[in-house]
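Trainee: So I've got this file, query-v5.pdb, and it contains PDB, C-alpha atoms:
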ATOM      1  CA  MET A   1      48.597  40.374-105.807
ATOM      2  CA  GLN A   2      46.169  37.892-107.262
ATOM      3  CA  LEU A   3      46.036  35.156-109.869
ATOM      4  CA  ALA A   4      44.088  35.829-113.043
ATOM      5  CA  LYS A   5      43.545  34.621-116.571
ATOM      6  CA  VAL A   6      43.837  37.017-119.499
ATOM      7  CA  ILE A   7      40.564  36.740-121.419
ATOM      8  CA  GLY A   8      40.641  39.649-123.850
ATOM      9  CA  ASP A   9      42.049  42.952-124.934
ATOM     10  CA  VAL A  10      40.917  46.557-125.285
ATOM     11  CA  VAL A  11      41.769  49.044-128.019
ATOM     12  CA  SER A  12      41.620  52.766-127.254
ATOM     13  CA  THR A  13      42.883  55.479-129.581
ATOM     14  CA  ARG A  14      41.937  58.566-127.614
ATOM     15  CA  LYS A  15      43.463  58.227-124.147
ATOM     16  CA  ASP A  16      45.693  59.838-121.551
ATOM     17  CA  GLY A  17      49.105  60.709-123.031
ATOM     18  CA  ASN A  18      50.931  58.566-120.494
ATOM     19  CA  LEU A  19      48.936  55.498-121.575
ATOM     20  CA  VAL A  20      50.214  55.608-125.149
ATOM     21  CA  GLY A  21      52.143  52.439-125.994
ATOM     22  CA  ILE A  22      50.795  50.461-123.032
ATOM     23  CA  LYS A  23      48.821  47.293-123.748
ATOM     24  CA  LEU A  24      45.337  47.020-122.173
ATOM     25  CA  LEU A  25      44.111  43.520-121.339
ATOM     26  CA  ILE A  26      40.953  42.110-119.757
ATOM     27  CA  VAL A  27      41.689  39.808-116.840
ATOM     28  CA  GLN A  28      39.421  37.474-114.921
ATOM     29  CA  PRO A  29      40.681  37.020-111.346
ATOM     30  CA  MET A  30      40.638  33.376-110.245
ATOM     31  CA  THR A  31      41.248  31.113-107.285
ATOM     32  CA  PRO A  32      44.096  28.567-107.328
ATOM     33  CA  ASP A  33      41.565  25.927-108.441
ATOM     34  CA  ARG A  34      40.737  28.096-111.452
ATOM     35  CA  LYS A  35      37.298  29.255-110.329
ATOM     36  CA  ASP A  36      36.281  32.824-111.160
ATOM     37  CA  ALA A  37      36.921  35.223-108.274
ATOM     38  CA  GLY A  38      34.878  38.322-108.983
ATOM     39  CA  ARG A  39      34.241  40.327-112.115
ATOM     40  CA  PRO A  40      36.651  40.751-115.013
ATOM     41  CA  PHE A  41      38.304  44.156-115.418
ATOM     42  CA  VAL A  42      40.970  45.956-117.424
ATOM     43  CA  ALA A  43      44.648  45.779-116.430
ATOM     44  CA  VAL A  44      47.715  47.129-118.194
ATOM     45  CA  ASP A  45      50.458  44.758-119.240
ATOM     46  CA  ALA A  46      53.984  45.251-117.863
ATOM     47  CA  VAL A  47      55.499  41.885-118.849
ATOM     48  CA  GLY A  48      54.356  41.013-122.377
ATOM     49  CA  ALA A  49      51.381  38.825-121.442
ATOM     50  CA  GLY A  50      48.730  37.770-123.951
ATOM     51  CA  VAL A  51      45.208  36.384-124.171
ATOM     52  CA  GLY A  52      44.887  32.890-122.676
ATOM     53  CA  GLU A  53      47.837  33.180-120.295
ATOM     54  CA  ASP A  54      47.755  32.809-116.517
ATOM     55  CA  VAL A  55      49.184  35.870-114.805
ATOM     56  CA  PHE A  56      49.285  37.714-111.525
ATOM     57  CA  PHE A  57      48.500  41.362-111.131
ATOM     58  CA  VAL A  58      48.938  44.193-108.656
ATOM     59  CA  ARG A  59      46.244  46.706-107.783
ATOM     60  CA  GLY A  60      46.325  50.305-106.670
ATOM     61  CA  LYS A  61      48.806  53.069-107.273
ATOM     62  CA  GLU A  62      51.609  50.484-107.274
ATOM     63  CA  ALA A  63      50.320  49.406-110.690
ATOM     64  CA  SER A  64      52.112  52.395-112.207
ATOM     65  CA  PHE A  65      55.520  51.489-110.717
ATOM     66  CA  PRO A  66      56.627  49.176-113.573
ATOM     67  CA  PHE A  67      56.533  52.206-115.872
ATOM     68  CA  TYR A  68      58.655  54.462-113.641
ATOM     69  CA  PRO A  69      59.619  57.310-114.103
ATOM     70  CA  VAL A  70      56.452  57.760-116.181
ATOM     71  CA  GLU A  71      53.348  57.662-113.976
ATOM     72  CA  PRO A  72      50.481  56.433-116.142
ATOM     73  CA  PRO A  73      46.987  56.637-114.601
ATOM     74  CA  VAL A  74      46.485  52.915-113.988
ATOM     75  CA  ASP A  75      45.087  50.998-111.009
ATOM     76  CA  ALA A  76      45.807  47.422-112.098
ATOM     77  CA  ALA A  77      48.891  46.003-113.810
ATOM     78  CA  ILE A  78      49.963  42.508-114.846
ATOM     79  CA  VAL A  79      53.410  42.041-113.306
ATOM     80  CA  GLY A  80      54.064  38.324-113.880
ATOM     81  CA  ILE A  81      53.221  35.458-116.217
ATOM     82  CA  VAL A  82      52.628  32.301-114.193
ATOM     83  CA  ASP A  83      54.378  29.117-115.328
ATOM     84  CA  TYR A  84      52.620  26.912-112.772
ATOM     85  CA  TRP A  85      51.487  26.853-109.160
ATOM     86  CA  ASP A  86      51.114  24.215-106.471
ATOM     87  CA  THR A  87      48.524  24.183-103.732
ATOM     88  CA  GLU A  88      47.879  21.561-101.082
TER      89      GLU A  88
ATOM     90  CA  MET B   1      40.505  49.714-114.513
ATOM     91  CA  LEU B   2      36.813  49.570-115.288
ATOM     92  CA  LEU B   3      35.013  49.479-118.580
ATOM     93  CA  ALA B   4      32.016  51.763-118.303
ATOM     94  CA  LYS B   5      29.405  53.434-120.439
ATOM     95  CA  ILE B   6      28.724  57.125-119.935
ATOM     96  CA  VAL B   7      25.065  57.688-119.132
ATOM     97  CA  GLY B   8      24.990  61.366-118.205
ATOM     98  CA  THR B   9      26.679  64.486-116.981
ATOM     99  CA  VAL B  10      26.843  66.164-113.575
ATOM    100  CA  VAL B  11      26.711  69.896-112.990
ATOM    101  CA  ALA B  12      27.888  71.288-109.646
ATOM    102  CA  THR B  13      28.386  74.961-108.984
ATOM    103  CA  ARG B  14      29.584  74.707-105.426
ATOM    104  CA  LYS B  15      32.522  72.323-105.257
ATOM    105  CA  ASP B  16      36.126  71.992-104.200
ATOM    106  CA  PRO B  17      38.144  74.731-105.973
ATOM    107  CA  ARG B  18      40.502  72.142-107.453
ATOM    108  CA  LEU B  19      37.550  70.615-109.303
ATOM    109  CA  VAL B  20      36.602  73.836-111.076
ATOM    110  CA  SER B  21      36.553  73.502-114.890
ATOM    111  CA  ASN B  22      36.642  69.723-114.790
ATOM    112  CA  LYS B  23      33.881  67.853-116.598
ATOM    113  CA  LEU B  24      31.929  65.421-114.399
ATOM    114  CA  MET B  25      30.190  62.410-115.910
ATOM    115  CA  VAL B  26      27.956  59.657-114.591
ATOM    116  CA  ALA B  27      29.025  56.262-115.870
ATOM    117  CA  ARG B  28      27.849  52.723-115.277
ATOM    118  CA  SER B  29      30.240  49.809-115.382
ATOM    119  CA  VAL B  30      29.742  47.275-118.168
ATOM    120  CA  ASP B  31      31.022  43.736-118.591
ATOM    121  CA  PRO B  32      33.551  43.037-121.401
ATOM    122  CA  ARG B  33      30.678  42.275-123.775
ATOM    123  CA  GLY B  34      29.105  45.672-123.135
ATOM    124  CA  LYS B  35      26.252  44.608-120.882
ATOM    125  CA  PRO B  36      25.583  47.158-118.096
ATOM    126  CA  GLU B  37      26.100  45.745-114.627
ATOM    127  CA  GLY B  38      26.763  47.018-111.175
ATOM    128  CA  ASN B  39      27.236  50.484-109.864
ATOM    129  CA  TYR B  40      27.079  54.000-111.176
ATOM    130  CA  VAL B  41      30.088  56.219-110.599
ATOM    131  CA  VAL B  42      30.810  59.918-110.967
ATOM    132  CA  ALA B  43      34.105  60.374-112.777
ATOM    133  CA  ILE B  44      36.175  63.309-114.013
ATOM    134  CA  ASP B  45      36.571  63.277-117.784
ATOM    135  CA  THR B  46      40.118  63.940-119.019
ATOM    136  CA  VAL B  47      39.699  62.822-122.643
ATOM    137  CA  ASP B  48      36.614  64.677-123.909
ATOM    138  CA  ALA B  49      34.310  61.695-123.791
ATOM    139  CA  GLY B  50      30.571  62.022-124.419
ATOM    140  CA  VAL B  51      27.320  60.403-123.340
ATOM    141  CA  GLY B  52      26.883  56.944-124.842
ATOM    142  CA  GLU B  53      30.579  56.212-125.240
ATOM    143  CA  THR B  54      32.364  53.272-123.662
ATOM    144  CA  VAL B  55      35.331  54.451-121.637
ATOM    145  CA  LEU B  56      38.145  53.313-119.400
ATOM    146  CA  ILE B  57      37.918  54.519-115.800
ATOM    147  CA  VAL B  58      40.800  54.446-113.347
ATOM    148  CA  SER B  59      39.887  54.377-109.643
ATOM    149  CA  GLY B  60      41.465  55.183-106.323
ATOM    150  CA  SER B  61      44.584  57.254-105.806
ATOM    151  CA  SER B  62      45.714  56.381-109.343
ATOM    152  CA  ALA B  63      42.983  58.697-110.649
ATOM    153  CA  ARG B  64      45.111  61.627-109.539
ATOM    154  CA  MET B  65      47.803  60.602-111.998
ATOM    155  CA  ALA B  66      45.532  61.341-114.941
ATOM    156  CA  SER B  67      46.417  64.390-116.975
ATOM    157  CA  GLY B  68      45.579  67.621-115.130
ATOM    158  CA  LEU B  69      44.368  65.986-111.908
ATOM    159  CA  LYS B  70      47.495  66.249-109.767
ATOM    160  CA  ASP B  71      46.471  66.866-106.118
ATOM    161  CA  CYS B  72      42.754  66.979-107.026
ATOM    162  CA  PRO B  73      40.249  65.350-104.669
ATOM    163  CA  VAL B  74      39.124  62.644-107.102
ATOM    164  CA  ASP B  75      38.905  58.858-106.951
ATOM    165  CA  ALA B  76      37.652  58.106-110.469
ATOM    166  CA  ALA B  77      38.890  59.485-113.781
ATOM    167  CA  ILE B  78      38.031  58.709-117.387
ATOM    168  CA  VAL B  79      41.401  58.144-119.077
ATOM    169  CA  GLY B  80      40.487  56.541-122.403
ATOM    170  CA  ILE B  81      37.707  56.149-124.961
ATOM    171  CA  VAL B  82      37.325  52.507-125.924
ATOM    172  CA  ASP B  83      37.317  51.664-129.638
ATOM    173  CA  THR B  84      36.955  47.891-129.432
ATOM    174  CA  VAL B  85      36.949  45.111-126.862
ATOM    175  CA  GLU B  86      37.827  41.577-127.862
ATOM    176  CA  VAL B  87      37.062  38.680-125.545
ATOM    177  CA  GLY B  88      38.051  35.052-126.057
ATOM    178  CA  ASP B  89      35.373  32.397-125.717
ATOM    179  CA  SER B  90      36.886  30.682-122.695
TER     180      SER B  90
END
As structure tokens, please, write out the structure in this file.

Mentor:
Amino acid sequence: MQLAKVIGDVVSTRKDGNLVGIKLLIVQPMTPDRKDAGRPFVAVDAVGAGVGEDVFFVRGKEASFPFYPVEPPVDAAIVGIVDYWDTE
Amino acid sequence: MLLAKIVGTVVATRKDPRLVSNKLMVARSVDPRGKPEGNYVVAIDTVDAGVGETVLIVSGSSARMASGLKDCPVDAAIVGIVDTVEVGDS
């Protein structure tokens, strides 16, 4: 899992049936000192996150697990909203 | 998932039998503001997308969870047509 900031959202009307009702957000992965870590991409929201929040996300097939028993075709999901972090 | 713009189609007569009757597209990833960047990818279209449209592509083993692709040898599937993208200024 990785830290990221939610920077935007995506609207799609025509999509896979198992994606209906799932929120699509654009996340920018970041390092603990808030520097960009790679390109932004689209992740689904499993916890009610919104634009401007710090989150962490999971990649790969595991991204569909929060929606079990439905298996939406997703490869990145936001699974936590970060309150704060500490690094030395 | 990736945002990408469809730039073409792929025709292949000889292919894995589980890919028969699937539509293959060439897409190039775009940044959230729509600017093309990075790699081209061949993806299976599951939502009747067309050339010029911005779409959502799911990669890796998750692509097999798209409608109709169970047990297919694919690692990229188009699962949505994008209407709008909104990006904050930060």

Trainee: Output as a short mmCIF file (atom, residue, chain, number, x, y, z; two decimals) with C-alpha atoms, in the coordinates of the input the set of chain B residues within 12 Å of chain A, with distances taken over only C-alpha atoms.

Mentor:
data_model
loop_
_atom_site.label_atom_id
_atom_site.label_comp_id
_atom_site.auth_asym_id
_atom_site.auth_seq_id
_atom_site.Cartn_x
_atom_site.Cartn_y
_atom_site.Cartn_z
CA MET B 1 40.51 49.71 -114.51
CA LEU B 2 36.81 49.57 -115.29
CA LEU B 3 35.01 49.48 -118.58
CA ALA B 4 32.02 51.76 -118.30
CA SER B 29 30.24 49.81 -115.38
CA VAL B 30 29.74 47.28 -118.17
CA ASP B 31 31.02 43.74 -118.59
CA PRO B 32 33.55 43.04 -121.40
CA ARG B 33 30.68 42.28 -123.78
CA GLU B 37 26.10 45.74 -114.63
CA GLY B 38 26.76 47.02 -111.18
CA ASP B 45 36.57 63.28 -117.78
CA THR B 46 40.12 63.94 -119.02
CA VAL B 47 39.70 62.82 -122.64
CA ASP B 48 36.61 64.68 -123.91
CA ALA B 49 34.31 61.70 -123.79
CA GLU B 53 30.58 56.21 -125.24
CA THR B 54 32.36 53.27 -123.66
CA VAL B 55 35.33 54.45 -121.64
CA LEU B 56 38.15 53.31 -119.40
CA ILE B 57 37.92 54.52 -115.80
CA VAL B 58 40.80 54.45 -113.35
CA SER B 59 39.89 54.38 -109.64
CA GLY B 60 41.46 55.18 -106.32
CA SER B 61 44.58 57.25 -105.81
CA SER B 62 45.71 56.38 -109.34
CA ALA B 63 42.98 58.70 -110.65
CA ARG B 64 45.11 61.63 -109.54
CA MET B 65 47.80 60.60 -112.00
CA ALA B 66 45.53 61.34 -114.94
CA SER B 67 46.42 64.39 -116.98
CA GLY B 68 45.58 67.62 -115.13
CA LEU B 69 44.37 65.99 -111.91
CA LYS B 70 47.50 66.25 -109.77
CA ASP B 75 38.90 58.86 -106.95
CA ALA B 76 37.65 58.11 -110.47
CA ALA B 77 38.89 59.48 -113.78
CA ILE B 78 38.03 58.71 -117.39
CA VAL B 79 41.40 58.14 -119.08
CA GLY B 80 40.49 56.54 -122.40
CA ILE B 81 37.71 56.15 -124.96
CA VAL B 82 37.33 52.51 -125.92
CA ASP B 83 37.32 51.66 -129.64
CA THR B 84 36.96 47.89 -129.43
CA VAL B 85 36.95 45.11 -126.86
CA GLU B 86 37.83 41.58 -127.86
CA VAL B 87 37.06 38.68 -125.54
CA GLY B 88 38.05 35.05 -126.06
CA ASP B 89 35.37 32.40 -125.72
CA SER B 90 36.89 30.68 -122.70
#

Trainee: If we count all atoms listed in the file and set the cut-off at 8 Å, which residues sit around Val42 (chain B), ignoring sequence neighbours fewer than 2 positions away in its own chain? Please answer as a VMD selection string.

Mentor: chain B and resid 10 24 to 27 40 44 76

Trainee: Need to verify the contact set: Val51 (chain B), 6 Å, all atoms listed in the file, exclusion of same-chain residues closer than 5 positions in sequence. Can you return it as a ChimeraX atom specification?

Mentor: /B:6-8

Trainee: Can you work out the spacing between CA of Cys72 (chain B) and CA of Leu19 (chain B) in Å, to one decimal?

Mentor: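 Straight-line distance from CA of Cys72 (chain B) to CA of Leu19 (chain B) works out to 6.7 Å.
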
Trainee: Could you work out how far CA of Lys23 (chain A) lies from CA of Val55 (chain A), giving the answer in Å with one decimal?

Mentor: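 Atom-to-atom, CA of Val55 (chain A) to CA of Lys23 (chain A), that is 14.5 Å.
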
Trainee: Mind pulling up the distance from CA of Ile78 (chain A) to CA of Arg34 (chain A)?

Mentor: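 So the answer is 17.4 Å.
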
Trainee: Set the distance at 12 Å and use all atoms listed in the file: which residues neighbour Val82 (chain A) once local chain neighbours fewer than 3 positions away are removed? I'd like the list as an NGL selection string.

Mentor: :A and (2-6 or 32 or 47 or 49-50 or 52-57 or 78-79 or 85-86)

Trainee: Give me the residues near Ala37 (chain A) as number ranges by chain, where near means some atom within 9 Å (using all atoms listed in the file) and where sequence neighbours in that chain fewer than 5 positions away do not count.

Mentor: A: 4, 28-31

Trainee: Mind dumping the selected residues with C-alpha atoms as an mmCIF file, keeping the file's coordinate frame?

Mentor:
data_model
loop_
_atom_site.group_PDB
_atom_site.id
_atom_site.type_symbol
_atom_site.label_atom_id
_atom_site.label_comp_id
_atom_site.auth_asym_id
_atom_site.auth_seq_id
_atom_site.Cartn_x
_atom_site.Cartn_y
_atom_site.Cartn_z
ATOM 1 C CA ALA A 4 44.088 35.829 -113.043
ATOM 2 C CA GLN A 28 39.421 37.474 -114.921
ATOM 3 C CA PRO A 29 40.681 37.020 -111.346
ATOM 4 C CA MET A 30 40.638 33.376 -110.245
ATOM 5 C CA THR A 31 41.248 31.113 -107.285
#

Trainee: Counting only C-alpha atoms, figure out which residue out of A:Thr87, A:Val70, A:Met1, A:Ile81 gets nearest to Val58 (chain A).

Mentor: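 Looking only at the distances to Val58 (chain A), the closest residue turns out to be A:Met1.
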
Trainee: My structure is short of atoms at region 20-53 of chain A; please model N, CA and C atoms there, returning them as a short mmCIF file (atom, residue, chain, number, x, y, z; two decimals), in the frame of the given file.

Mentor:
data_model
loop_
_atom_site.label_atom_id
_atom_site.label_comp_id
_atom_site.auth_asym_id
_atom_site.auth_seq_id
_atom_site.Cartn_x
_atom_site.Cartn_y
_atom_site.Cartn_z
N VAL A 20 49.86 55.96 -123.78
CA VAL A 20 50.21 55.61 -125.15
C VAL A 20 51.32 54.55 -125.13
N GLY A 21 51.14 53.49 -125.91
CA GLY A 21 52.14 52.44 -125.99
C GLY A 21 51.99 51.35 -124.95
N ILE A 22 51.01 51.47 -124.07
CA ILE A 22 50.80 50.46 -123.03
C ILE A 22 49.63 49.57 -123.44
N LYS A 23 49.84 48.25 -123.32
CA LYS A 23 48.82 47.29 -123.75
C LYS A 23 47.75 47.14 -122.67
N LEU A 24 46.47 47.16 -123.09
CA LEU A 24 45.34 47.02 -122.17
C LEU A 24 44.73 45.63 -122.35
N LEU A 25 44.64 44.87 -121.27
CA LEU A 25 44.11 43.52 -121.34
C LEU A 25 42.95 43.35 -120.36
N ILE A 26 42.04 42.44 -120.68
CA ILE A 26 40.95 42.11 -119.76
C ILE A 26 41.35 40.86 -118.99
N VAL A 27 41.32 40.95 -117.67
CA VAL A 27 41.69 39.81 -116.84
C VAL A 27 40.50 39.36 -116.00
N GLN A 28 40.42 38.07 -115.82
CA GLN A 28 39.42 37.47 -114.92
C GLN A 28 40.17 36.92 -113.71
N PRO A 29 40.02 37.56 -112.54
CA PRO A 29 40.68 37.02 -111.35
C PRO A 29 40.19 35.60 -111.06
N MET A 30 41.06 34.75 -110.52
CA MET A 30 40.64 33.38 -110.24
C MET A 30 41.30 32.85 -108.98
N THR A 31 40.68 31.80 -108.44
CA THR A 31 41.25 31.11 -107.28
C THR A 31 42.29 30.11 -107.79
N PRO A 32 43.10 29.56 -106.88
CA PRO A 32 44.10 28.57 -107.33
C PRO A 32 43.47 27.34 -107.98
N ASP A 33 42.19 27.04 -107.72
CA ASP A 33 41.56 25.93 -108.44
C ASP A 33 40.79 26.41 -109.66
N ARG A 34 41.18 27.55 -110.17
CA ARG A 34 40.74 28.10 -111.45
C ARG A 34 39.27 28.50 -111.47
N LYS A 35 38.67 28.73 -110.32
CA LYS A 35 37.30 29.26 -110.33
C LYS A 35 37.35 30.78 -110.42
N ASP A 36 36.35 31.37 -111.07
CA ASP A 36 36.28 32.82 -111.16
C ASP A 36 36.20 33.44 -109.77
N ALA A 37 36.95 34.51 -109.56
CA ALA A 37 36.92 35.22 -108.27
C ALA A 37 36.58 36.68 -108.54
N GLY A 38 35.31 36.95 -108.72
CA GLY A 38 34.88 38.32 -108.98
C GLY A 38 34.78 38.63 -110.46
N ARG A 39 34.49 39.89 -110.74
CA ARG A 39 34.24 40.33 -112.12
C ARG A 39 35.53 40.55 -112.88
N PRO A 40 35.48 40.38 -114.20
CA PRO A 40 36.65 40.75 -115.01
C PRO A 40 36.81 42.27 -115.08
N PHE A 41 38.04 42.72 -115.30
CA PHE A 41 38.30 44.16 -115.42
C PHE A 41 39.51 44.37 -116.32
N VAL A 42 39.87 45.63 -116.52
CA VAL A 42 40.97 45.96 -117.42
C VAL A 42 42.25 46.19 -116.63
N ALA A 43 43.34 45.56 -117.05
CA ALA A 43 44.65 45.78 -116.43
C ALA A 43 45.65 46.09 -117.53
N VAL A 44 46.67 46.88 -117.21
CA VAL A 44 47.72 47.13 -118.19
C VAL A 44 48.76 46.02 -118.09
N ASP A 45 49.48 45.84 -119.18
CA ASP A 45 50.46 44.76 -119.24
C ASP A 45 51.86 45.32 -119.08
N ALA A 46 52.61 44.79 -118.08
CA ALA A 46 53.98 45.25 -117.86
C ALA A 46 55.01 44.17 -118.21
N VAL A 47 54.56 43.00 -118.65
CA VAL A 47 55.50 41.88 -118.85
C VAL A 47 55.35 41.18 -120.19
N GLY A 48 54.51 41.67 -121.08
CA GLY A 48 54.36 41.01 -122.38
C GLY A 48 53.39 39.84 -122.35
N ALA A 49 52.37 39.90 -121.52
CA ALA A 49 51.38 38.83 -121.44
C ALA A 49 50.42 38.90 -122.62
N GLY A 50 49.69 37.79 -122.86
CA GLY A 50 48.73 37.77 -123.95
C GLY A 50 47.49 36.99 -123.57
N VAL A 51 46.49 37.04 -124.44
CA VAL A 51 45.21 36.38 -124.17
C VAL A 51 45.43 34.88 -123.99
N GLY A 52 44.79 34.32 -122.96
CA GLY A 52 44.89 32.89 -122.68
C GLY A 52 45.92 32.54 -121.62
N GLU A 53 46.79 33.49 -121.26
CA GLU A 53 47.84 33.18 -120.30
C GLU A 53 47.36 33.39 -118.86
#
